>>> print(open('start03.tsv').read())   # TSV, C-alpha atoms
chain	number	residue	atom	x	y	z
A	1	MET	CA	0.00	0.00	0.00
A	2	ASP	CA	2.84	2.40	0.82
A	3	LYS	CA	4.32	1.93	-2.63
A	4	PHE	CA	0.86	2.50	-4.13
A	5	ILE	CA	0.58	5.84	-2.30
A	6	LEU	CA	4.07	6.79	-3.43
A	7	ARG	CA	3.13	6.08	-7.04
A	8	LEU	CA	-0.14	7.98	-6.65
A	9	ASN	CA	1.66	11.03	-5.27
A	10	LYS	CA	4.38	10.88	-7.91
A	11	ALA	CA	1.79	10.71	-10.69
A	12	LYS	CA	-0.31	13.52	-9.19
A	13	LYS	CA	2.79	15.71	-8.98
A	14	ALA	CA	3.51	15.04	-12.66
A	15	ILE	CA	-0.09	15.94	-13.56
A	16	ASP	CA	0.02	19.12	-11.47
A	17	GLU	CA	3.29	20.25	-13.02
A	18	ALA	CA	2.32	19.39	-16.59
A	19	ASP	CA	1.38	22.14	-19.00
A	20	TYR	CA	-0.41	19.62	-21.25
A	21	ILE	CA	-2.25	16.32	-20.68
A	22	ILE	CA	-2.78	13.83	-23.51
A	23	ILE	CA	-5.33	11.19	-22.50
A	24	GLY	CA	-5.13	7.86	-24.29
A	25	ALA	CA	-8.28	5.85	-23.60
A	26	GLY	CA	-8.93	2.22	-24.46
A	27	ALA	CA	-11.60	-0.33	-23.67
A	28	GLY	CA	-10.40	-0.69	-20.09
A	29	LEU	CA	-11.59	2.83	-19.28
A	30	SER	CA	-15.15	2.07	-20.35
A	31	THR	CA	-15.06	-1.22	-18.46
A	32	ALA	CA	-13.97	0.70	-15.36
A	33	ALA	CA	-16.92	3.04	-15.97
A	34	GLY	CA	-19.33	0.09	-15.85
A	35	ILE	CA	-19.76	-0.48	-19.57
A	36	ASP	CA	-19.00	-4.16	-19.18
A	37	TYR	CA	-19.54	-6.44	-22.19
A	38	GLY	CA	-20.08	-9.59	-20.15
A	39	GLY	CA	-21.70	-10.90	-16.99
A	40	GLU	CA	-24.95	-9.56	-15.59
A	41	ARG	CA	-25.08	-6.64	-17.98
A	42	HIS	CA	-24.86	-8.92	-21.01
A	43	GLU	CA	-27.54	-11.19	-19.61
A	44	ARG	CA	-29.83	-8.24	-18.86
A	45	TYR	CA	-29.76	-6.88	-22.39
A	46	PHE	CA	-29.37	-10.10	-24.40
A	47	GLY	CA	-31.21	-12.88	-22.59
A	48	ASP	CA	-33.17	-13.88	-25.71
A	49	PHE	CA	-30.06	-13.84	-27.92
A	50	ILE	CA	-28.12	-15.85	-25.35
A	51	GLU	CA	-30.87	-18.45	-25.30
A	52	LYS	CA	-31.15	-18.64	-29.08
A	53	TYR	CA	-27.51	-18.33	-30.18
A	54	GLY	CA	-25.50	-19.27	-27.10
A	55	PHE	CA	-23.73	-15.91	-26.87
A	56	THR	CA	-21.36	-15.48	-23.94
A	57	ASP	CA	-20.52	-11.76	-24.11
A	58	MET	CA	-21.09	-8.66	-26.23
A	59	TYR	CA	-17.57	-8.60	-27.66
A	60	THR	CA	-17.46	-12.05	-29.23
A	61	SER	CA	-21.11	-11.91	-30.28
A	62	SER	CA	-20.38	-8.78	-32.34
A	63	PHE	CA	-18.39	-11.01	-34.73
A	64	TYR	CA	-21.20	-13.54	-35.15
A	65	ARG	CA	-22.29	-14.10	-38.75
A	66	PHE	CA	-26.08	-14.05	-38.75
A	67	GLU	CA	-27.92	-15.85	-41.52
A	68	THR	CA	-30.18	-12.89	-42.34
A	69	PRO	CA	-29.91	-9.08	-42.14
A	70	GLU	CA	-33.12	-9.10	-40.10
A	71	GLU	CA	-31.33	-11.04	-37.35
A	72	GLN	CA	-28.15	-9.02	-37.70
A	73	TRP	CA	-29.89	-5.67	-37.25
A	74	ALA	CA	-32.02	-6.93	-34.38
A	75	TYR	CA	-28.75	-7.78	-32.64
A	76	TRP	CA	-26.91	-4.57	-33.57
A	77	ALA	CA	-29.80	-2.32	-32.58
A	78	ARG	CA	-29.70	-3.93	-29.13
A	79	HIS	CA	-25.91	-3.71	-28.94
A	80	ILE	CA	-25.87	-0.03	-29.92
A	81	PHE	CA	-28.70	0.79	-27.52
A	82	ALA	CA	-26.98	-0.95	-24.61
A	83	ASN	CA	-23.60	0.68	-25.12
A	84	ARG	CA	-24.37	4.05	-26.72
A	85	TYR	CA	-27.87	5.28	-25.85
A	86	ASP	CA	-28.79	3.58	-22.57
A	87	VAL	CA	-25.65	4.38	-20.59
A	88	GLY	CA	-25.69	8.12	-19.94
A	89	LYS	CA	-23.05	9.86	-17.90
A	90	THR	CA	-20.68	7.71	-15.87
A	91	SER	CA	-18.78	8.62	-12.71
A	92	VAL	CA	-15.37	7.49	-13.99
A	93	TYR	CA	-15.53	9.71	-17.07
A	94	GLN	CA	-16.89	12.57	-14.95
A	95	LYS	CA	-13.99	12.25	-12.53
A	96	LEU	CA	-11.48	12.10	-15.36
A	97	LEU	CA	-12.90	15.33	-16.78
A	98	LYS	CA	-12.67	17.04	-13.39
A	99	LEU	CA	-9.02	16.00	-13.17
A	100	VAL	CA	-8.03	17.63	-16.47
A	101	GLU	CA	-10.64	20.32	-17.20
A	102	ASP	CA	-8.38	23.18	-16.07
A	103	LYS	CA	-5.45	21.89	-18.14
A	104	GLU	CA	-4.61	22.03	-21.81
A	105	TYR	CA	-5.76	18.50	-22.60
A	106	PHE	CA	-6.57	16.33	-25.57
A	107	VAL	CA	-8.23	12.90	-25.77
A	108	LEU	CA	-7.19	10.15	-28.17
A	109	THR	CA	-9.52	7.18	-27.85
A	110	THR	CA	-10.30	3.89	-29.55
A	111	ASN	CA	-13.60	3.67	-27.66
A	112	VAL	CA	-16.80	3.99	-29.68
A	113	GLU	CA	-19.48	4.53	-27.00
A	114	HIS	CA	-19.40	8.37	-27.27
A	115	GLN	CA	-18.69	8.65	-23.54
A	116	PHE	CA	-16.29	11.59	-23.80
A	117	TRP	CA	-18.94	13.71	-25.47
A	118	ILE	CA	-21.74	12.47	-23.20
A	119	ASN	CA	-19.72	13.43	-20.12
A	120	GLY	CA	-18.87	16.94	-21.27
A	121	PHE	CA	-15.34	16.80	-22.67
A	122	GLU	CA	-14.90	19.53	-25.27
A	123	ASP	CA	-15.63	18.41	-28.81
A	124	LYS	CA	-12.53	20.14	-30.15
A	125	ARG	CA	-10.36	18.12	-27.74
A	126	ILE	CA	-11.47	14.60	-28.76
A	127	PHE	CA	-10.25	12.26	-31.48
A	128	ALA	CA	-12.23	9.01	-31.63
A	129	THR	CA	-10.19	7.09	-34.16
A	130	GLN	CA	-12.27	3.93	-34.50
A	131	GLY	CA	-15.75	5.29	-35.16
A	132	ASP	CA	-18.95	5.71	-33.16
A	133	TYR	CA	-21.81	3.36	-32.33
A	134	GLY	CA	-24.22	6.20	-33.06
A	135	LEU	CA	-23.36	6.45	-36.75
A	136	LEU	CA	-24.05	4.37	-39.85
A	137	GLN	CA	-22.16	4.25	-43.13
A	138	CYS	CA	-22.41	2.47	-46.44
A	139	SER	CA	-21.02	-1.04	-45.95
A	140	ARG	CA	-19.02	-0.61	-49.16
A	141	ALA	CA	-17.98	2.98	-48.40
A	142	CYS	CA	-19.33	4.23	-51.70
A	143	HIS	CA	-19.43	7.75	-50.22
A	144	ASP	CA	-18.12	9.32	-47.02
A	145	ARG	CA	-21.30	10.63	-45.41
A	146	LEU	CA	-22.26	9.23	-41.99
A	147	TYR	CA	-25.83	8.90	-40.72
A	148	PRO	CA	-27.15	9.17	-37.12
A	149	ASN	CA	-28.93	5.95	-36.16
A	150	GLU	CA	-30.84	6.68	-32.93
A	151	ASN	CA	-34.30	6.68	-34.55
A	152	LEU	CA	-33.57	3.46	-36.43
A	153	VAL	CA	-32.28	1.80	-33.26
A	154	GLN	CA	-35.47	2.69	-31.40
A	155	GLU	CA	-37.66	1.36	-34.22
A	156	CYS	CA	-35.72	-1.87	-34.31
A	157	LEU	CA	-35.98	-2.31	-30.55
A	158	GLU	CA	-39.73	-1.77	-30.64
A	159	ASN	CA	-40.19	-4.23	-33.49
A	160	THR	CA	-37.83	-7.07	-32.55
A	161	HIS	CA	-39.56	-10.44	-32.28
A	162	ASP	CA	-37.73	-13.75	-31.91
A	163	CYS	CA	-34.42	-11.90	-32.40
A	164	ARG	CA	-35.48	-10.49	-35.77
A	165	ILE	CA	-36.72	-7.18	-37.12
A	166	PRO	CA	-39.10	-6.67	-40.09
A	167	SER	CA	-37.37	-6.59	-43.46
A	168	ASP	CA	-38.46	-3.02	-44.12
A	169	LEU	CA	-36.34	-1.78	-41.20
A	170	VAL	CA	-33.07	-3.17	-42.57
A	171	PRO	CA	-31.07	-0.05	-43.57
A	172	TYR	CA	-29.71	0.27	-47.09
A	173	CYS	CA	-27.35	2.85	-48.57
A	174	PRO	CA	-29.29	5.70	-50.23
A	175	VAL	CA	-26.56	6.05	-52.87
A	176	CYS	CA	-25.61	2.53	-54.04
A	177	GLY	CA	-28.30	0.37	-52.44
A	178	GLU	CA	-25.90	-1.87	-50.52
A	179	GLU	CA	-26.65	-2.64	-46.88
A	180	MET	CA	-25.56	-0.06	-44.32
A	181	ASP	CA	-23.10	-0.82	-41.53
A	182	VAL	CA	-22.11	0.62	-38.17
A	183	ASN	CA	-19.26	3.12	-38.47
A	184	LEU	CA	-16.61	0.98	-36.78
A	185	ARG	CA	-13.05	0.36	-37.98
A	186	LYS	CA	-13.22	-3.37	-38.58
A	187	ASP	CA	-12.36	-3.70	-42.27
A	188	ASN	CA	-11.06	-1.72	-45.24
A	189	TYR	CA	-14.43	-0.02	-45.74
A	190	PHE	CA	-14.29	2.17	-42.63
A	191	VAL	CA	-15.43	5.68	-43.57
A	192	GLU	CA	-13.34	8.64	-42.43
A	193	ASP	CA	-15.61	11.63	-43.05
A	194	ASP	CA	-14.85	15.36	-42.80
A	195	ALA	CA	-15.46	15.31	-39.04
A	196	TRP	CA	-13.00	12.41	-38.59
A	197	ARG	CA	-10.36	14.22	-40.64
A	198	GLU	CA	-10.88	17.39	-38.61
A	199	MET	CA	-10.44	15.46	-35.32
A	200	ASN	CA	-7.26	13.96	-36.73
A	201	ARG	CA	-5.93	17.39	-37.74
A	202	ARG	CA	-6.70	18.91	-34.33
A	203	TYR	CA	-4.92	16.08	-32.52
A	204	TYR	CA	-1.69	16.50	-34.45
A	205	ASP	CA	-1.92	20.30	-34.20
A	206	PHE	CA	-2.18	19.85	-30.42
A	207	LEU	CA	0.93	17.68	-30.33
A	208	ASP	CA	2.82	20.11	-32.56
A	209	GLY	CA	1.86	23.01	-30.27
A	210	ILE	CA	3.21	21.47	-27.07
A	211	ASP	CA	5.82	23.72	-25.47
A	212	GLY	CA	6.55	22.62	-21.93
A	213	LYS	CA	6.04	19.64	-19.66
A	214	PHE	CA	3.41	17.12	-20.66
A	215	VAL	CA	1.87	13.89	-19.42
A	216	PHE	CA	0.53	10.97	-21.39
A	217	LEU	CA	-2.31	9.64	-19.23
A	218	GLU	CA	-3.01	6.21	-20.73
A	219	ILE	CA	-5.99	4.32	-19.35
A	220	GLY	CA	-7.13	0.81	-20.27
A	221	VAL	CA	-5.08	0.45	-23.45
A	222	GLY	CA	-3.98	-3.12	-24.11
A	223	PHE	CA	-2.66	-4.93	-27.16
A	224	ASN	CA	-5.75	-5.14	-29.38
A	225	THR	CA	-4.73	-2.05	-31.38
A	226	PRO	CA	-1.49	-0.93	-29.68
A	227	GLY	CA	-0.30	0.98	-32.74
A	228	ILE	CA	-2.88	3.72	-32.15
A	229	ILE	CA	-2.17	4.76	-28.56
A	230	ARG	CA	0.18	2.49	-26.61
A	231	TYR	CA	3.17	2.33	-28.95
A	232	PRO	CA	3.05	6.00	-30.05
A	233	PHE	CA	2.79	7.14	-26.43
A	234	GLU	CA	5.82	5.02	-25.55
A	235	GLN	CA	7.77	6.37	-28.52
A	236	MET	CA	6.93	10.00	-27.75
A	237	THR	CA	7.76	9.49	-24.08
A	238	TYR	CA	11.14	8.05	-25.04
A	239	SER	CA	11.84	10.88	-27.48
A	240	ASN	CA	10.91	13.82	-25.23
A	241	SER	CA	12.72	14.81	-22.06
A	242	ASP	CA	9.65	16.76	-20.86
A	243	ALA	CA	7.27	13.78	-21.13
A	244	THR	CA	5.93	11.47	-18.43
A	245	LEU	CA	3.80	8.40	-19.16
A	246	ILE	CA	1.19	7.45	-16.54
A	247	ARG	CA	-0.25	4.05	-17.41
A	248	LEU	CA	-3.38	2.63	-15.75
A	249	ASN	CA	-3.99	-0.94	-16.85
A	250	LEU	CA	-5.23	-3.92	-14.84
A	251	ASP	CA	-3.55	-6.45	-17.12
A	252	TYR	CA	-0.65	-4.71	-18.88
A	253	PRO	CA	0.68	-1.89	-16.68
A	254	GLN	CA	4.36	-2.48	-17.28
A	255	ALA	CA	6.68	0.07	-18.85
A	256	ILE	CA	9.09	-0.72	-21.62
A	257	PRO	CA	12.70	-0.87	-20.30
A	258	GLU	CA	13.68	2.28	-22.20
A	259	ASN	CA	11.01	4.29	-20.35
A	260	LYS	CA	11.21	2.68	-16.90
A	261	ASP	CA	12.27	5.97	-15.25
A	262	LYS	CA	9.65	8.01	-17.12
A	263	THR	CA	6.64	5.74	-16.64
A	264	ILE	CA	4.42	5.47	-13.56
A	265	SER	CA	2.38	2.27	-13.75
A	266	PHE	CA	-0.81	1.20	-11.99
A	267	ASP	CA	-2.70	-2.08	-12.04
A	268	GLU	CA	-5.12	-0.92	-9.35
A	269	ASN	CA	-8.76	0.21	-9.69
A	270	VAL	CA	-9.11	3.21	-12.02
A	271	GLU	CA	-11.86	4.95	-10.05
A	272	GLU	CA	-9.95	4.56	-6.78
A	273	ILE	CA	-6.94	6.21	-8.41
A	274	LEU	CA	-9.02	9.09	-9.77
A	275	ASP	CA	-10.69	9.56	-6.38
A	276	TYR	CA	-7.30	9.85	-4.68
A	277	TRP	CA	-6.01	12.39	-7.21
A	278	LEU	CA	-9.18	14.46	-6.98
A	279	SER	CA	-8.95	14.49	-3.20
A	280	ARG	CA	-5.58	16.21	-3.60
A	281	ILE	CA	-6.83	19.06	-5.81
>>> encode(input="start03.tsv", output="structure tokens")
Amino acid sequence: MDKFILRLNKAKKAIDEADYIIIGAGAGLSTAAGIDYGGERHERYFGDFIEKYGFTDMYTSSFYRFETPEEQWAYWARHIFANRYDVGKTSVYQKLLKLVEDKEYFVLTTNVEHQFWINGFEDKRIFATQGDYGLLQCSRACHDRLYPNENLVQECLENTHDCRIPSDLVPYCPVCGEEMDVNLRKDNYFVEDDAWREMNRRYYDFLDGIDGKFVFLEIGVGFNTPGIIRYPFEQMTYSNSDATLIRLNLDYPQAIPENKDKTISFDENVEEILDYWLSRI
């Protein structure tokens, strides 16, 4: 426990002294916020799908190949509702915002549940690289417009019977007629629209504008897509004498040997850590 407190205090000092905070957020942050893809939450939302298809969690079931689009969209409407529209604000994201709101901060995230926006982080300070559950795109990316899906999701929920929706609710591209898809980076057809490109530009402008001490606050980033956050944060920490990497990760907290003196690692509970830091403001 003493070493835990020492690490907490060392990390808080780095945050306090930093002129800039770059948050790198992976799936572990949303899990810490209660957006769990398994267990009781999965059973509560997907009892009928579990019974019919034998699903064990929301992550693996998202790769299931349904025989019909009516089944597929019944599933995805439920999945999107559970993780995008039925969550609301969460205490972990709220506490993270309170920690950084008076700093020059930027968020780089692979999460797609829209939680940074829902919890009040500034739009101009967020880059969600992997898409958003709340948006649809052409499955063949014939054009780069994205479409809000909340109304469709509600209609599908209201008209799901035996894990299927009516055929007339299956969404099709208004340009080419192919089936629509959720705007998630899972294949070569992922659409990067004007808003995505603007987020990308703002992120790199933020990095280019750093002049002073800065902290990479990496939370819940594992090795699913390490090339987006984990590896770049390590490389930039190694390359900059003014950088500190604070890594919160239950499973993979370790620093690379080259950054062992510039990384402060935690495998403890994320909300407990945030609570301690906030108590020292």
>>> closest_residue(input="start03.tsv", among="A:Glu122, A:Glu271, A:Glu67, A:Glu113", to="A:His79", atoms="only C-alpha atoms")
A:Glu113
>>> axis_aligned_box(input="start03.tsv", around="stretch 220-233 of chain A", padding_each_side="3 Å", output="AutoDock Vina command-line options")
--center_x -2.0 --center_y 1.0 --center_z -26.5 --size_x 16.3 --size_y 18.3 --size_z 18.5
>>> closest_residue(input="start03.tsv", among="A:Arg125, A:Cys176, A:Val92, A:Arg230", to="A:Leu29", atoms="only C-alpha atoms")
A:Val92
>>> atom_distance(input="start03.tsv", atom1="atom CA of A:Arg202", atom2="atom CA of A:Tyr20")
14.5 Å
>>> residues_around(input="start03.tsv", residues="stretch 256-268 of chain A", least_positions_apart="5", cutoff="12 Å", atoms="all atoms listed in the file", output="ChimeraX atom specification")
/A:1,3-15,28,32,214-221,230-231,233-251,273-274,276
>>> residues_around(input="start03.tsv", residues="A:Phe55", least_positions_apart="3", cutoff="12 Å", atoms="all atoms listed in the file", output="PDB file with C-alpha atoms, keeping the file's coordinate frame")
ATOM      1  CA  TYR A  37     -19.540  -6.440 -22.190  1.00  0.00           C
ATOM      2  CA  GLY A  38     -20.080  -9.590 -20.150  1.00  0.00           C
ATOM      3  CA  GLY A  39     -21.700 -10.900 -16.990  1.00  0.00           C
ATOM      4  CA  HIS A  42     -24.860  -8.920 -21.010  1.00  0.00           C
ATOM      5  CA  GLU A  43     -27.540 -11.190 -19.610  1.00  0.00           C
ATOM      6  CA  TYR A  45     -29.760  -6.880 -22.390  1.00  0.00           C
ATOM      7  CA  PHE A  46     -29.370 -10.100 -24.400  1.00  0.00           C
ATOM      8  CA  GLY A  47     -31.210 -12.880 -22.590  1.00  0.00           C
ATOM      9  CA  ASP A  48     -33.170 -13.880 -25.710  1.00  0.00           C
ATOM     10  CA  PHE A  49     -30.060 -13.840 -27.920  1.00  0.00           C
ATOM     11  CA  ILE A  50     -28.120 -15.850 -25.350  1.00  0.00           C
ATOM     12  CA  GLU A  51     -30.870 -18.450 -25.300  1.00  0.00           C
ATOM     13  CA  LYS A  52     -31.150 -18.640 -29.080  1.00  0.00           C
ATOM     14  CA  MET A  58     -21.090  -8.660 -26.230  1.00  0.00           C
ATOM     15  CA  TYR A  59     -17.570  -8.600 -27.660  1.00  0.00           C
ATOM     16  CA  THR A  60     -17.460 -12.050 -29.230  1.00  0.00           C
ATOM     17  CA  SER A  61     -21.110 -11.910 -30.280  1.00  0.00           C
ATOM     18  CA  SER A  62     -20.380  -8.780 -32.340  1.00  0.00           C
ATOM     19  CA  PHE A  63     -18.390 -11.010 -34.730  1.00  0.00           C
ATOM     20  CA  TYR A  64     -21.200 -13.540 -35.150  1.00  0.00           C
ATOM     21  CA  TYR A  75     -28.750  -7.780 -32.640  1.00  0.00           C
TER      22      TYR A  75
END
>>> residues_around(input="start03.tsv", residues="A:Phe190", least_positions_apart="6", cutoff="10 Å", atoms="all atoms listed in the file", output="list of chain:residue names")
A:Gln130, A:Gly131, A:Gln137, A:Cys138, A:Ser139, A:Arg140, A:Ala141, A:Asp144, A:Asp181, A:Val182, A:Asn183, A:Leu184
>>> closest_atom_pairs(input="start03.tsv", of="stretch 160-255 of chain A", to="stretch 96-108 of chain A", cutoff="8 Å", atoms="only C-alpha atoms", output="JSON lines")
{"residue": "A:Tyr203", "atom": "CA", "partner": "A:Phe106", "partner_atom": "CA", "distance": 7.1}
{"residue": "A:Phe206", "atom": "CA", "partner": "A:Phe106", "partner_atom": "CA", "distance": 7.4}
{"residue": "A:Ile229", "atom": "CA", "partner": "A:Leu108", "partner_atom": "CA", "distance": 7.4}
>>> atom_distance(input="start03.tsv", atom1="atom CA of A:Leu169", atom2="atom CA of A:Ile35")
27.3 Å
>>> residues_near_point(input="start03.tsv", point="(-15.4, 12.1, -22.0)", cutoff="7 Å", atoms="all atoms listed in the file", output="ChimeraX atom specification")
/A:93,97,115-121
>>> atom_distance(input="start03.tsv", atom1="atom CA of A:His161", atom2="atom CA of A:Glu179")
21.0 Å
>>> closest_residue(input="start03.tsv", among="A:Val153, A:Ala77, A:Asp193, A:Ser30", to="A:Ser91", atoms="all atoms listed in the file")
A:Ser30
>>> closest_residue(input="start03.tsv", among="A:Glu17, A:Glu155, A:Asp123, A:Asp162", to="A:Met199", atoms="all atoms listed in the file")
A:Asp123
>>> decode(input="start03.tsv", residues="stretch 201-213 of chain A", atoms="C-alpha atoms", output="PDB file, in the first residue's frame")
ATOM      1  CA  ARG A 201      -5.927  17.386 -37.736  1.00  0.00           C
ATOM      2  CA  ARG A 202      -6.698  18.912 -34.325  1.00  0.00           C
ATOM      3  CA  TYR A 203      -4.921  16.079 -32.518  1.00  0.00           C
ATOM      4  CA  TYR A 204      -1.693  16.501 -34.448  1.00  0.00           C
ATOM      5  CA  ASP A 205      -1.921  20.297 -34.203  1.00  0.00           C
ATOM      6  CA  PHE A 206      -2.181  19.853 -30.420  1.00  0.00           C
ATOM      7  CA  LEU A 207       0.933  17.679 -30.334  1.00  0.00           C
ATOM      8  CA  ASP A 208       2.817  20.114 -32.561  1.00  0.00           C
ATOM      9  CA  GLY A 209       1.860  23.007 -30.274  1.00  0.00           C
ATOM     10  CA  ILE A 210       3.210  21.473 -27.069  1.00  0.00           C
ATOM     11  CA  ASP A 211       5.824  23.719 -25.472  1.00  0.00           C
ATOM     12  CA  GLY A 212       6.549  22.616 -21.934  1.00  0.00           C
ATOM     13  CA  LYS A 213       6.044  19.639 -19.659  1.00  0.00           C
TER      14      LYS A 213
END
